[in-house]
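Dumped work37.txt below, it's compact mmCIF, C-alpha atoms and all ligand atoms:
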# COMPACT_ATOMS: atom_id res chain seq x y z
CA MET A 1 -18.18 51.79 44.69
CA SER A 2 -18.26 53.07 48.24
CA ARG A 3 -20.73 51.31 50.47
CA ARG A 4 -22.98 53.26 52.75
CA ARG A 5 -22.47 52.60 56.44
CA PHE A 6 -25.19 51.39 58.76
CA LEU A 7 -26.55 54.33 60.75
CA ALA A 8 -25.21 54.58 64.28
CA GLU A 9 -27.80 57.09 65.48
CA PRO A 10 -31.56 56.91 66.06
CA TYR A 11 -33.89 58.88 63.78
CA GLY A 12 -31.06 59.41 61.35
CA ALA A 13 -32.86 58.88 58.04
CA TYR A 14 -31.97 62.41 56.90
CA ARG A 15 -28.36 61.30 56.56
CA GLN A 16 -29.36 58.65 54.05
CA ALA A 17 -31.99 60.50 52.07
CA VAL A 18 -29.71 60.75 49.04
CA LEU A 19 -29.44 57.40 47.28
CA PRO A 20 -26.16 56.26 45.76
CA PRO A 21 -26.41 55.13 42.12
CA PRO A 22 -26.84 51.50 41.03
CA ASP A 23 -23.84 49.35 40.19
CA ASP A 24 -23.83 49.92 36.43
CA TYR A 25 -21.04 47.42 35.80
CA LEU A 26 -23.07 44.44 36.99
CA THR A 27 -26.60 45.56 36.26
CA ARG A 28 -26.79 47.35 32.89
CA VAL A 29 -27.65 45.05 30.02
CA GLY A 30 -27.84 47.19 26.89
CA PRO A 31 -25.50 46.74 23.92
CA GLY A 32 -21.93 47.73 24.74
CA THR A 33 -22.36 47.58 28.53
CA PRO A 34 -20.06 45.19 30.45
CA ALA A 35 -22.80 42.87 31.72
CA GLY A 36 -24.71 43.26 28.46
CA GLU A 37 -21.73 41.94 26.52
CA TYR A 38 -21.27 39.08 28.98
CA LEU A 39 -24.93 38.05 28.74
CA ARG A 40 -24.71 38.23 24.95
CA ARG A 41 -22.31 35.26 24.90
CA PHE A 42 -25.04 32.79 25.93
CA TRP A 43 -28.21 31.41 24.38
CA HIS A 44 -31.31 32.72 26.17
CA PRO A 45 -34.96 31.78 25.88
CA VAL A 46 -36.88 34.72 24.44
CA ALA A 47 -40.34 33.30 23.74
CA GLN A 48 -42.44 30.19 24.01
CA SER A 49 -43.31 28.29 20.85
CA ALA A 50 -47.00 28.75 21.62
CA MET A 51 -46.62 32.54 21.41
CA LEU A 52 -45.92 32.33 17.69
CA LYS A 53 -49.16 32.09 15.76
CA ASP A 54 -50.17 33.96 12.61
CA LEU A 55 -49.06 37.40 13.78
CA PRO A 56 -45.61 38.73 14.63
CA VAL A 57 -44.84 39.38 18.30
CA ALA A 58 -43.03 42.48 19.55
CA ILE A 59 -40.51 41.62 22.26
CA ARG A 60 -37.71 43.44 23.99
CA ILE A 61 -34.60 41.58 25.15
CA LEU A 62 -31.34 43.00 26.55
CA GLY A 63 -32.61 46.51 25.86
CA GLU A 64 -33.20 45.82 22.16
CA ASP A 65 -36.60 46.16 20.49
CA LEU A 66 -37.27 43.07 18.39
CA VAL A 67 -39.95 41.24 16.52
CA ILE A 68 -40.28 37.47 16.52
CA PHE A 69 -42.42 35.38 14.19
CA ARG A 70 -42.76 32.00 12.54
CA ASP A 71 -42.93 32.42 8.78
CA ARG A 72 -45.25 30.37 6.59
CA SER A 73 -42.43 27.90 5.97
CA ALA A 74 -42.34 27.37 9.77
CA ARG A 75 -38.96 29.05 10.17
CA ILE A 76 -38.46 31.42 13.09
CA GLY A 77 -37.31 34.98 12.53
CA LEU A 78 -35.99 37.29 15.24
CA LEU A 79 -35.32 40.72 13.80
CA HIS A 80 -34.70 44.22 15.00
CA ARG A 81 -38.16 45.60 15.31
CA HIS A 82 -37.85 48.77 13.25
CA CYS A 83 -37.81 48.34 9.48
CA ALA A 84 -34.49 49.16 7.84
CA HIS A 85 -36.29 51.40 5.36
CA ARG A 86 -37.81 54.08 7.57
CA GLY A 87 -38.37 52.49 10.92
CA THR A 88 -41.96 51.27 10.96
CA SER A 89 -42.39 48.48 13.47
CA LEU A 90 -42.40 45.03 11.92
CA GLU A 91 -44.92 43.94 14.55
CA PHE A 92 -47.43 45.36 12.05
CA GLY A 93 -45.84 43.46 9.20
CA LYS A 94 -47.30 40.60 7.21
CA ILE A 95 -45.86 37.12 7.68
CA GLU A 96 -44.84 35.62 4.34
CA GLU A 97 -43.76 32.26 2.99
CA ARG A 98 -40.26 33.62 3.44
CA GLY A 99 -39.88 36.02 6.33
CA ILE A 100 -41.92 39.13 6.99
CA ARG A 101 -43.04 42.11 4.92
CA CYS A 102 -43.19 45.62 6.38
CA CYS A 103 -46.66 47.15 6.29
CA TYR A 104 -45.51 50.59 5.16
CA HIS A 105 -43.81 50.13 1.76
CA GLY A 106 -43.62 46.38 1.57
CA TRP A 107 -39.94 45.69 2.08
CA GLN A 108 -39.56 42.00 2.82
CA PHE A 109 -36.96 40.47 5.12
CA ASP A 110 -36.08 36.81 5.37
CA VAL A 111 -35.51 35.18 8.78
CA ASP A 112 -31.75 35.81 8.51
CA GLY A 113 -32.44 39.49 7.80
CA ALA A 114 -31.87 39.30 4.00
CA LEU A 115 -33.77 42.04 2.17
CA ILE A 116 -35.54 39.97 -0.48
CA ASP A 117 -38.12 42.38 -1.86
CA THR A 118 -38.47 46.15 -2.29
CA PRO A 119 -41.68 46.47 -4.34
CA ALA A 120 -41.59 50.25 -4.84
CA GLU A 121 -37.96 50.32 -6.02
CA PRO A 122 -36.67 49.79 -9.56
CA GLU A 123 -35.05 46.46 -10.42
CA GLY A 124 -31.34 46.54 -9.75
CA ASN A 125 -31.67 48.89 -6.80
CA PRO A 126 -28.72 48.85 -4.42
CA TYR A 127 -30.57 47.16 -1.55
CA LYS A 128 -32.63 44.21 -2.72
CA GLY A 129 -30.78 40.90 -2.62
CA LYS A 130 -27.63 42.57 -1.36
CA LEU A 131 -28.18 43.78 2.20
CA TYR A 132 -29.49 42.53 5.50
CA HIS A 133 -31.68 43.84 8.27
CA GLY A 134 -30.52 42.98 11.81
CA ALA A 135 -31.42 39.38 12.69
CA TYR A 136 -30.43 37.04 15.50
CA PRO A 137 -30.09 33.25 15.24
CA THR A 138 -32.66 31.11 17.05
CA VAL A 139 -33.11 27.49 18.14
CA GLU A 140 -36.43 26.00 19.14
CA ASP A 141 -36.28 23.36 21.86
CA SER A 142 -39.01 21.72 23.93
CA GLY A 143 -41.49 24.56 23.69
CA LEU A 144 -39.07 27.46 24.07
CA ILE A 145 -37.29 29.58 21.50
CA PHE A 146 -33.71 30.48 22.31
CA ALA A 147 -31.65 33.22 20.72
CA TYR A 148 -28.03 34.24 20.63
CA PHE A 149 -27.31 37.98 20.74
CA GLY A 150 -23.53 38.07 20.63
CA PRO A 151 -20.95 38.54 17.89
CA PRO A 152 -21.66 35.98 15.13
CA GLU A 153 -18.06 34.74 15.13
CA LYS A 154 -18.28 33.92 18.86
CA LYS A 155 -21.54 31.98 18.72
CA PRO A 156 -21.32 28.82 20.86
CA PRO A 157 -23.27 25.69 19.94
CA PHE A 158 -26.71 25.53 21.49
CA ARG A 159 -26.61 23.22 24.48
CA ARG A 160 -29.35 21.25 26.14
CA PHE A 161 -29.16 20.34 29.82
CA ALA A 162 -28.37 16.78 30.84
CA SER A 163 -31.30 16.95 33.26
CA TYR A 164 -33.79 16.89 30.36
CA GLU A 165 -32.72 13.33 29.72
CA ALA A 166 -33.10 12.03 33.28
CA PRO A 167 -34.95 8.70 33.29
CA GLY A 168 -38.69 9.27 32.96
CA ALA A 169 -38.37 13.06 32.84
CA ARG A 170 -41.11 14.96 31.08
CA LEU A 171 -40.73 18.70 30.50
CA GLY A 172 -43.55 21.20 30.85
CA LEU A 173 -43.36 24.95 30.65
CA ALA A 174 -42.82 26.62 34.00
CA GLU A 175 -44.51 29.89 33.07
CA HIS A 176 -47.89 30.80 31.70
CA ILE A 177 -47.96 31.77 28.03
CA GLY A 178 -45.99 34.94 27.50
CA GLY A 179 -43.47 34.34 30.29
CA ASN A 180 -43.36 35.87 33.75
CA VAL A 181 -42.36 39.53 33.70
CA LYS A 182 -40.87 41.21 36.74
CA PRO A 183 -40.36 44.98 36.68
CA CYS A 184 -36.85 44.90 38.10
CA ASN A 185 -33.24 44.28 37.16
CA TRP A 186 -32.11 40.75 36.29
CA LEU A 187 -29.37 40.58 38.91
CA GLN A 188 -31.63 40.98 41.91
CA ILE A 189 -33.64 38.01 40.69
CA MET A 190 -30.41 36.03 40.45
CA ASP A 191 -29.41 37.24 43.94
CA ASN A 192 -32.43 35.27 45.13
CA VAL A 193 -31.00 32.04 43.69
CA ALA A 194 -27.80 32.08 45.69
CA ASP A 195 -29.83 32.78 48.82
CA PRO A 196 -31.25 29.52 50.20
CA VAL A 197 -31.86 31.25 53.53
CA HIS A 198 -34.78 33.20 52.10
CA GLU A 199 -36.63 29.96 51.45
CA ALA A 200 -36.76 29.18 55.13
CA TYR A 201 -37.90 32.68 55.98
CA LEU A 202 -39.94 34.17 53.14
CA HIS A 203 -41.49 30.92 51.98
CA ALA A 204 -42.03 29.30 55.34
CA GLN A 205 -42.16 31.80 58.18
CA ILE A 206 -43.32 35.21 57.17
CA SER A 207 -46.56 34.32 55.47
CA GLY A 208 -46.90 30.74 56.58
CA PRO A 209 -45.78 27.85 54.45
CA GLN A 210 -45.93 28.45 50.72
CA PHE A 211 -45.57 25.53 48.28
CA LEU A 212 -48.42 23.32 49.39
CA ASN A 213 -49.13 19.82 48.22
CA ASP A 214 -52.32 18.67 46.52
CA ASP A 215 -54.08 18.45 49.87
CA GLY A 216 -53.08 21.97 50.86
CA GLU A 217 -50.46 20.79 53.33
CA PRO A 218 -46.99 22.30 53.53
CA LEU A 219 -44.52 20.42 51.38
CA VAL A 220 -41.70 21.09 53.73
CA ALA A 221 -41.01 21.68 57.36
CA LEU A 222 -38.55 24.49 56.87
CA GLY A 223 -36.85 25.86 59.90
CA ILE A 224 -34.56 28.84 59.77
CA SER A 225 -31.83 26.86 61.44
CA GLY A 226 -30.59 25.22 58.26
CA LYS A 227 -26.83 25.08 57.78
CA ASP A 228 -25.95 26.78 54.53
CA ASP A 229 -22.91 25.99 52.48
CA TYR A 230 -21.66 26.98 49.02
CA TRP A 231 -19.57 25.09 46.51
CA GLU A 232 -18.23 26.20 43.19
CA SER A 233 -19.46 23.91 40.44
CA PRO A 234 -18.11 23.88 36.88
CA ASN A 235 -21.06 25.97 35.76
CA GLY A 236 -21.74 28.07 38.83
CA ILE A 237 -22.51 27.50 42.49
CA LEU A 238 -24.12 24.75 44.50
CA CYS A 239 -26.12 26.37 47.28
CA ASN A 240 -26.70 23.76 49.97
CA GLU A 241 -28.87 23.89 53.01
CA ALA A 242 -28.91 20.99 55.42
CA ARG A 243 -31.53 20.71 58.12
CA ARG A 244 -32.75 18.27 60.68
CA VAL A 245 -36.42 17.28 60.41
CA GLY A 246 -37.15 14.81 63.22
CA GLY A 247 -35.40 11.54 62.44
CA PHE A 248 -34.26 12.77 59.03
CA VAL A 249 -31.62 15.02 57.58
CA TRP A 250 -32.59 16.85 54.46
CA VAL A 251 -29.97 18.48 52.23
CA ARG A 252 -31.35 20.86 49.69
CA SER A 253 -28.88 21.61 46.94
CA LEU A 254 -29.86 24.07 44.26
CA GLU A 255 -27.62 25.34 41.57
CA TYR A 256 -26.90 28.74 40.19
CA MET A 257 -25.70 28.32 36.61
CA CYS A 258 -23.92 31.24 35.04
CA PRO A 259 -25.10 33.65 34.07
CA ASN A 260 -28.87 33.56 34.67
CA VAL A 261 -30.17 30.05 35.29
CA ILE A 262 -31.51 28.34 38.39
CA GLN A 263 -31.79 24.58 38.74
CA LEU A 264 -33.71 23.28 41.67
CA CYS A 265 -35.39 20.22 43.03
CA LYS A 266 -38.73 19.74 44.59
CA ALA A 267 -38.81 19.89 48.32
CA PRO A 268 -39.51 16.49 49.85
CA HIS A 269 -42.88 15.67 51.26
CA PHE A 270 -42.89 15.13 54.98
CA PRO A 271 -43.67 12.98 56.88
CA LEU A 272 -41.29 10.49 55.39
CA GLU A 273 -41.99 7.82 57.96
CA GLU A 274 -43.91 5.86 55.33
CA SER A 275 -40.80 5.58 53.24
CA ASN A 276 -38.98 2.26 53.44
CA SER A 277 -35.60 3.53 52.44
CA ASP A 278 -32.96 5.19 54.55
CA GLU A 279 -31.88 7.54 51.83
CA TRP A 280 -33.59 9.00 48.86
CA GLU A 281 -32.97 11.65 46.36
CA THR A 282 -34.95 13.79 43.94
CA PRO A 283 -33.55 15.07 40.68
CA THR A 284 -34.07 18.49 39.14
CA VAL A 285 -37.64 19.65 38.81
CA LEU A 286 -37.10 23.21 37.64
CA THR A 287 -34.81 24.91 35.14
CA ARG A 288 -35.52 28.60 34.88
CA TRP A 289 -33.83 31.44 33.03
CA ARG A 290 -34.10 35.09 34.04
CA VAL A 291 -33.68 37.04 30.83
CA PRO A 292 -33.28 40.81 30.95
CA ILE A 293 -35.85 42.70 28.92
CA ASP A 294 -33.93 45.85 29.73
CA ASP A 295 -32.22 47.32 32.79
CA GLU A 296 -35.43 47.48 34.79
CA HIS A 297 -37.48 44.54 33.51
CA THR A 298 -36.81 40.82 33.41
CA ILE A 299 -38.72 37.90 31.94
CA GLU A 300 -38.67 34.35 33.26
CA PHE A 301 -38.97 31.27 31.08
CA GLY A 302 -38.28 27.72 32.07
CA TYR A 303 -39.21 24.10 32.43
CA ILE A 304 -40.91 22.17 35.17
CA TYR A 305 -40.12 18.47 35.15
CA ALA A 306 -42.36 15.60 36.03
CA TYR A 307 -41.20 12.02 36.43
CA ALA A 308 -43.63 9.45 35.12
CA SER A 309 -41.80 6.71 36.96
CA ASP A 310 -42.28 8.36 40.35
CA THR A 311 -45.60 7.53 41.93
CA ARG A 312 -45.45 10.15 44.67
CA PRO A 313 -48.15 12.65 43.72
CA TYR A 314 -45.84 15.66 43.73
CA PHE A 315 -43.35 14.12 41.37
CA ASN A 316 -45.42 12.60 38.63
CA LYS A 317 -47.21 15.68 37.45
CA VAL A 318 -46.20 19.09 36.23
CA TRP A 319 -46.80 21.75 38.85
CA PRO A 320 -49.06 24.69 38.16
CA ALA A 321 -47.27 28.07 37.95
CA ASP A 322 -46.31 29.41 41.36
CA LEU A 323 -48.52 32.42 41.97
CA SER A 324 -46.26 33.94 44.58
CA ASN A 325 -43.60 34.28 41.87
CA ALA A 326 -45.86 36.30 39.58
CA GLY A 327 -47.32 39.76 39.71
CA GLY A 328 -50.94 40.76 39.32
CA ARG A 329 -52.30 39.45 42.60
CA PRO A 330 -54.55 41.79 44.62
CA TYR A 331 -52.41 44.21 46.62
CA GLU A 332 -53.72 42.98 49.94
CA THR A 333 -52.89 39.38 48.99
CA MET A 334 -49.39 40.50 48.06
CA GLN A 335 -49.04 42.10 51.48
CA ARG A 336 -50.43 39.15 53.41
CA ASP A 337 -48.66 36.46 51.42
CA PRO A 338 -45.55 37.99 49.88
CA GLY A 339 -43.47 35.66 47.74
CA ASP A 340 -40.44 35.96 45.50
CA TYR A 341 -42.20 38.48 43.26
CA GLU A 342 -42.87 40.94 46.06
CA ALA A 343 -39.45 40.45 47.67
CA GLN A 344 -37.52 40.97 44.44
CA VAL A 345 -39.55 43.68 42.73
CA SER A 346 -39.93 45.80 45.85
CA GLN A 347 -36.16 46.13 46.11
CA GLY A 348 -36.63 48.74 43.39
CA PRO A 349 -36.09 48.82 39.62
CA ILE A 350 -32.35 48.26 40.18
CA THR A 351 -31.05 47.31 43.62
CA ARG A 352 -28.47 49.74 44.88
CA HIS A 353 -25.67 47.60 46.16
CA ALA A 354 -24.08 50.51 47.97
CA THR A 355 -27.04 50.68 50.36
CA GLU A 356 -26.93 46.99 51.28
CA HIS A 357 -25.45 45.60 54.47
CA LEU A 358 -24.44 42.11 53.51
CA ALA A 359 -24.29 39.60 56.33
CA THR A 360 -23.20 36.01 56.92
CA SER A 361 -26.25 34.61 55.12
CA ASP A 362 -25.21 36.47 51.96
CA ARG A 363 -22.10 34.44 51.24
CA GLY A 364 -23.74 32.75 48.26
CA LEU A 365 -24.83 36.08 46.82
CA ALA A 366 -21.34 37.50 47.18
CA LEU A 367 -19.92 34.46 45.39
CA MET A 368 -22.49 34.77 42.61
CA ARG A 369 -21.78 38.44 42.02
CA ARG A 370 -18.09 37.62 41.96
CA MET A 371 -18.75 35.04 39.24
CA VAL A 372 -20.72 37.58 37.21
CA ARG A 373 -17.83 40.01 37.57
CA GLU A 374 -15.34 37.32 36.51
CA GLY A 375 -17.53 36.47 33.52
CA ILE A 376 -17.63 40.11 32.46
CA GLU A 377 -13.87 40.33 32.79
CA ALA A 378 -13.32 37.10 30.82
CA VAL A 379 -15.42 38.45 27.95
CA ALA A 380 -13.56 41.76 28.06
CA ARG A 381 -10.28 39.79 27.67
CA GLY A 382 -11.74 37.97 24.67
CA GLU A 383 -12.11 34.66 26.55
CA ASP A 384 -15.10 32.39 27.02
CA PRO A 385 -16.76 32.84 30.41
CA ARG A 386 -17.63 30.01 32.82
CA ALA A 387 -20.50 27.72 31.71
CA LEU A 388 -19.90 28.50 28.07
CA ALA A 389 -18.53 25.34 26.51
CA ARG A 390 -18.04 24.76 22.83
CA ASP A 391 -18.22 20.97 22.78
CA GLY A 392 -22.00 20.95 22.30
CA GLN A 393 -22.33 18.33 25.06
CA PRO A 394 -25.33 18.64 27.39
CA LEU A 395 -24.71 20.85 30.40
CA LYS A 396 -24.15 18.78 33.53
CA VAL A 397 -26.60 19.64 36.28
CA ALA A 398 -25.69 19.33 39.92
CA ALA A 399 -28.90 20.31 41.74
CA ARG A 400 -30.39 17.53 43.86
CA GLU A 401 -32.31 16.95 47.09
CA THR A 402 -31.22 14.19 49.41
CA VAL A 403 -32.92 12.93 52.52
CA TRP A 404 -31.40 10.49 54.99
CA ARG A 405 -33.13 8.64 57.77
CA ILE A 406 -30.49 9.20 60.40
CA PRO A 407 -30.81 9.71 64.16
CA GLU A 408 -29.82 12.92 65.86
CA GLY A 409 -26.26 13.20 67.14
CA PRO A 410 -25.72 12.96 70.91
CA THR A 411 -25.18 16.73 71.24
CA PRO A 412 -26.32 19.70 69.14
CA GLN A 413 -22.69 20.17 68.09
CA ASP A 414 -22.46 16.56 66.95
CA ASP A 415 -25.68 16.94 65.00
CA GLU A 416 -24.48 20.11 63.32
CA ALA A 417 -21.25 18.34 62.35
CA LEU A 418 -23.34 15.51 60.92
CA LEU A 419 -25.44 17.96 58.88
CA ARG A 420 -22.34 19.61 57.50
CA LYS A 421 -20.81 16.24 56.63
CA LEU A 422 -23.93 15.17 54.75
CA SER A 423 -24.04 18.50 52.95
CA ARG A 424 -20.45 17.96 51.87
CA THR A 425 -21.33 14.42 50.73
CA VAL A 426 -24.08 15.81 48.49
CA ALA A 427 -21.77 18.41 47.03
CA GLU A 428 -19.00 15.90 46.39
CA ARG A 429 -21.42 13.53 44.69
CA SER A 430 -22.69 16.36 42.51
CA LEU A 431 -19.20 17.44 41.62
CA GLY A 432 -18.25 13.89 40.72
CA LYS A 433 -15.81 13.42 43.59
CA LEU A 434 -17.93 10.67 45.15
CA PRO A 435 -20.08 8.10 43.39
CA ALA A 436 -23.71 9.21 43.20
S1 LIG B 501 -40.72 51.66 6.56
FE1 LIG B 501 -40.75 49.56 6.14
S2 LIG B 501 -40.92 49.44 4.02
FE2 LIG B 501 -40.88 51.56 4.38
FE FE B 502 -37.86 31.94 46.50
Mind turning the file's structure into C-alpha cells?
Ligand code: FES
Ligand SMILES: [Fe+2]
Amino acid sequence: MSRRRFLAEPYGAYRQAVLPPPDDYLTRVGPGTPAGEYLRRFWHPVAQSAMLKDLPVAIRILGEDLVIFRDRSARIGLLHRHCAHRGTSLEFGKIEERGIRCCYHGWQFDVDGALIDTPAEPEGNPYKGKLYHGAYPTVEDSGLIFAYFGPPEKKPPFRRFASYEAPGARLGLAEHIGGNVKPCNWLQIMDNVADPVHEAYLHAQISGPQFLNDDGEPLVALGISGKDDYWESPNGILCNEARRVGGFVWVRSLEYMCPNVIQLCKAPHFPLEESNSDEWETPTVLTRWRVPIDDEHTIEFGYIYAYASDTRPYFNKVWPADLSNAGGRPYETMQRDPGDYEAQVSQGPITRHATEHLATSDRGLALMRRMVREGIEAVARGEDPRALARDGQPLKVAARETVWRIPEGPTPQDDEALLRKLSRTVAERSLGKLPA
C-alpha cells in the first residue's frame, strides 16, 4: 500500500481529492477475509444476557446476519438468521422448548442447528432429524454471551480473565443494554487503545477534563507531557504513560489484548496528599471488547469492575456508562465536548491508512497493527495467533495504575529519567520480571 505524502504546497487540496482505498487486509471482517478469519479464532461477546427475553433478537456479527435467543429450556441458540427452508428471518420465529420455529412453514431448529421438525413434510423426509442449520457455539459468563465463529475443529476453550477474580472485584456491565454501537470499522477503535497520548489531549485538553468524579471534579491532572512507552506482553501490548503530578509520579499502564480487547485502570484521584502511603496501585477497572458488526460498524461490550474492599468513592462502585464514548448526544454537545465516539467515528466508516501521517506518538498503534498482521499471518499458516491459548487457564492481565510519592529530580532530565525508570518498573512487574 503506497502512502500518500504530506502536501508541500499551500492550497493544494486538489492534489489529494482522490482518496486511496482502505487497507482491506487489516480491516475487512467478513467470512473468508484475512482479518475476518483471524478474528474468528477467538471468543467474542455478542449480546448481554439481559437482551434475551421471550423474543428472538436479530444481530449481525463479523458481517453475518444472525438470530440469538434463549429457548424455553434456558439454552442459548445463535443461528444464521435466514431459515434453511426458504430464507425467512428467524427473528420472527417462535421460541420453543427446544430451539426456535420459523414463522413461515414451521421448521424447527435446535440450538445446535439440528432440524428437528418439518410439520408440512411427510414422515421420513430427507431433512428432518438428519441435517443442520448454521449455528455457532455460545458461552454465557457474568452477564455477557460469547460466541465462537471459527472452524469447529479449531475452537479454543472459553477463557475468563484473571482480573475477574481480583480480591473484592465485582463485575458490572460497561455498556447500556444492547451494547454500544459505533458506525465505523473495528480497527480504528482499537487504534485508540494503543494511543495513550489521546487521553491527555482529547480527554483533558480539547474539551476540558472528561471523566469527572462524583463531585464533578476532574479525576486526573493530565498533562500532554507524559512519557509514553510500549512493551510487548504475552497477550498484546502494555501502553505506559508516566507523568509528574506535583510530588507524585503516576504511571498509567493499559493493555491492548489481541485481537480486540482493552484492559484499563481507573485514573487516580488527585490530590493524593491525604494518602498515607508512598506507593499505591489500582487494578483493572475495565475490560472491553470491540466486536465488528461488519466492515463499517462495531459494537462494544464489556465489564466495569468495582472493588468492595476499596473505600475510595471512585473504586467501590460501578461507574455509569461514559457518555462521551457513545453516540446520540446532541450535535452541538458532540462538537463542544468531543470524546472517543466523535474522534473514532469521524475518521470515516473505514480509516484510510494510506492518508495517515504517523508520527512519534503513534508507535503503539504501529505495534498494534503489526500484531494484527502477525495474527492474520499465523492463522493463514494454520497456527494459533497470540493470546489464543488452549490450556483453559484464565488470561493474565497486565494493566495497572501505579502512583509513587517521589520528589522531582534535580533537573528536568533527571526527572524524565526517573519517570522512564518507574514506567519500566511497572512494565517489568506486569510482565513478571519483578515482584509485584
Ligand atoms: S422459510 Fe422457514 S419454514 Fe419455510
Ligand atoms: Fe479515549
request  = Find the spatial neighbours of range 303-305 of chain A, counting all atoms listed in the file, within a cut-off of 8 Å - ignore same-chain residues fewer than 4 positions away - and output them as a PyMOL selection string.
outcome  = chain A and resi 169-175+284-288+317-319
Box time for range 108-113 of chain A: axis-aligned, enclosing all its listed atoms, 8 Å extra on each side; report centre and edge lengths in Å to one decimal, as lines of an AutoDock Vina configuration file.
center_x = -35.7
center_y = 38.6
center_z = 5.8
size_x = 23.8
size_y = 22.8
size_z = 22.0
ask   = Need the neighbours of (-31.1, 43.0, 33.5): which residues are at most 7 Å away, counting only C-alpha atoms, as a PyMOL selection string?
value = chain A and resi 27-29+62+185-187+292-298
Around ligand FE 502 (chain B), out to 10 Å and counting all atoms listed in the file, which residues are there? I want them as a CSV table (one decimal) with C-alpha atoms, keeping the file's coordinate frame.
chain,number,residue,atom,x,y,z
A,189,ILE,CA,-33.6,38.0,40.7
A,192,ASN,CA,-32.4,35.3,45.1
A,193,VAL,CA,-31.0,32.0,43.7
A,195,ASP,CA,-29.8,32.8,48.8
A,196,PRO,CA,-31.2,29.5,50.2
A,197,VAL,CA,-31.9,31.2,53.5
A,198,HIS,CA,-34.8,33.2,52.1
A,199,GLU,CA,-36.6,30.0,51.4
A,200,ALA,CA,-36.8,29.2,55.1
A,201,TYR,CA,-37.9,32.7,56.0
A,202,LEU,CA,-39.9,34.2,53.1
A,203,HIS,CA,-41.5,30.9,52.0
A,210,GLN,CA,-45.9,28.4,50.7
A,324,SER,CA,-46.3,33.9,44.6
A,325,ASN,CA,-43.6,34.3,41.9
A,339,GLY,CA,-43.5,35.7,47.7
A,340,ASP,CA,-40.4,36.0,45.5
A,341,TYR,CA,-42.2,38.5,43.3
A,343,ALA,CA,-39.4,40.4,47.7
A,344,GLN,CA,-37.5,41.0,44.4
inquiry  = ligand LIG 501 (chain B): which residues are within 7 Å, counting only C-alpha atoms and all ligand atoms? Reply as a ChimeraX atom specification.
reply    = /A:83-88,102-107
Go ahead and write the residues just picked, C-alpha atoms, as an mmCIF file, in the coordinates of the input.
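Okay, this is what ended up in part-v8.cif:
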data_model
loop_
_atom_site.group_PDB
_atom_site.id
_atom_site.type_symbol
_atom_site.label_atom_id
_atom_site.label_comp_id
_atom_site.auth_asym_id
_atom_site.auth_seq_id
_atom_site.Cartn_x
_atom_site.Cartn_y
_atom_site.Cartn_z
ATOM 1 C CA CYS A 83 -37.810 48.340 9.480
ATOM 2 C CA ALA A 84 -34.490 49.160 7.840
ATOM 3 C CA HIS A 85 -36.290 51.400 5.360
ATOM 4 C CA ARG A 86 -37.810 54.080 7.570
ATOM 5 C CA GLY A 87 -38.370 52.490 10.920
ATOM 6 C CA THR A 88 -41.960 51.270 10.960
ATOM 7 C CA CYS A 102 -43.190 45.620 6.380
ATOM 8 C CA CYS A 103 -46.660 47.150 6.290
ATOM 9 C CA TYR A 104 -45.510 50.590 5.160
ATOM 10 C CA HIS A 105 -43.810 50.130 1.760
ATOM 11 C CA GLY A 106 -43.620 46.380 1.570
ATOM 12 C CA TRP A 107 -39.940 45.690 2.080
#
Could you give me, as CSV, a per-residue list for range 71-164 of chain A showing, wherever an atom lies at most 7 Å from an atom of range 35-58 of chain A, the closest pair of atoms and their distance in Å to one decimal, using all atoms listed in the file and sorting by chain then residue number from low to high?
residue,atom,partner,partner_atom,distance
A:Glu91,CA,A:Pro56,CA,5.3
A:Ile95,CA,A:Leu55,CA,6.9
A:Gly143,CA,A:Ser49,CA,5.0
A:Leu144,CA,A:Gln48,CA,4.3
A:Ile145,CA,A:Ala47,CA,5.3
A:Phe146,CA,A:Pro45,CA,4.0
A:Ala147,CA,A:Trp43,CA,5.3
A:Tyr148,CA,A:Trp43,CA,4.7
A:Phe149,CA,A:Arg40,CA,5.0
A:Gly150,CA,A:Arg40,CA,4.5
A:Phe158,CA,A:Trp43,CA,6.7
Pull C-alpha atoms from the residues just selected and write them as an mmCIF file, in the coordinates of the input.
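Final output, saved to selection-v7.cif:
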data_model
loop_
_atom_site.group_PDB
_atom_site.id
_atom_site.type_symbol
_atom_site.label_atom_id
_atom_site.label_comp_id
_atom_site.auth_asym_id
_atom_site.auth_seq_id
_atom_site.Cartn_x
_atom_site.Cartn_y
_atom_site.Cartn_z
ATOM 1 C CA GLU A 91 -44.920 43.940 14.550
ATOM 2 C CA ILE A 95 -45.860 37.120 7.680
ATOM 3 C CA GLY A 143 -41.490 24.560 23.690
ATOM 4 C CA LEU A 144 -39.070 27.460 24.070
ATOM 5 C CA ILE A 145 -37.290 29.580 21.500
ATOM 6 C CA PHE A 146 -33.710 30.480 22.310
ATOM 7 C CA ALA A 147 -31.650 33.220 20.720
ATOM 8 C CA TYR A 148 -28.030 34.240 20.630
ATOM 9 C CA PHE A 149 -27.310 37.980 20.740
ATOM 10 C CA GLY A 150 -23.530 38.070 20.630
ATOM 11 C CA PHE A 158 -26.710 25.530 21.490
#
task = Record the distance separating CA of Arg424 in chain A and CA of Val251 in chain A, expressed in Å with one decimal.
result =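 Computing the Euclidean distance for CA of Arg424 in chain A and CA of Val251 in chain A yields 9.5 Å.
Remark: for Cys258 in chain A, the closest of the candidate residues A:Glu123, A:Glu401, A:Asp384, A:Asp65 is A:Asp384 (distances computed over all atoms listed in the file).
Picture a line from CA of Ile116 in chain A to CA of Leu79 in chain A; it runs 14.3 Å.
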ask   = Do you know which residues lie at most 12 Å from (-26.5, 14.9, 64.2), with coordinates as in the file and only C-alpha atoms counted, and could you write them as JSON, numbers by chain?
value = {"A": [242, 243, 244, 245, 246, 247, 248, 249, 250, 404, 405, 406, 407, 408, 409, 410, 411, 412, 413, 414, 415, 416, 417, 418, 419, 420, 421, 422]}
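Among the candidates A:Gly113, A:Pro34, A:Pro156, A:Gly168, the one nearest to Arg390 in chain A when counting all atoms listed in the file is A:Pro156.
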Interatomic distance (Å, one decimal) between CA of Arg329 in chain A and CA of Ala306 in chain A =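 Rounded to one decimal, the two atoms are 26.7 Å apart.
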query = Of the candidates A:Ala387, A:Leu395, A:Ala380, A:Ile237, which one gets nearest to Ala162 in chain A if we count only C-alpha atoms?
reply =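 That would be A:Leu395, the residue with the smallest distance to Ala162 in chain A.
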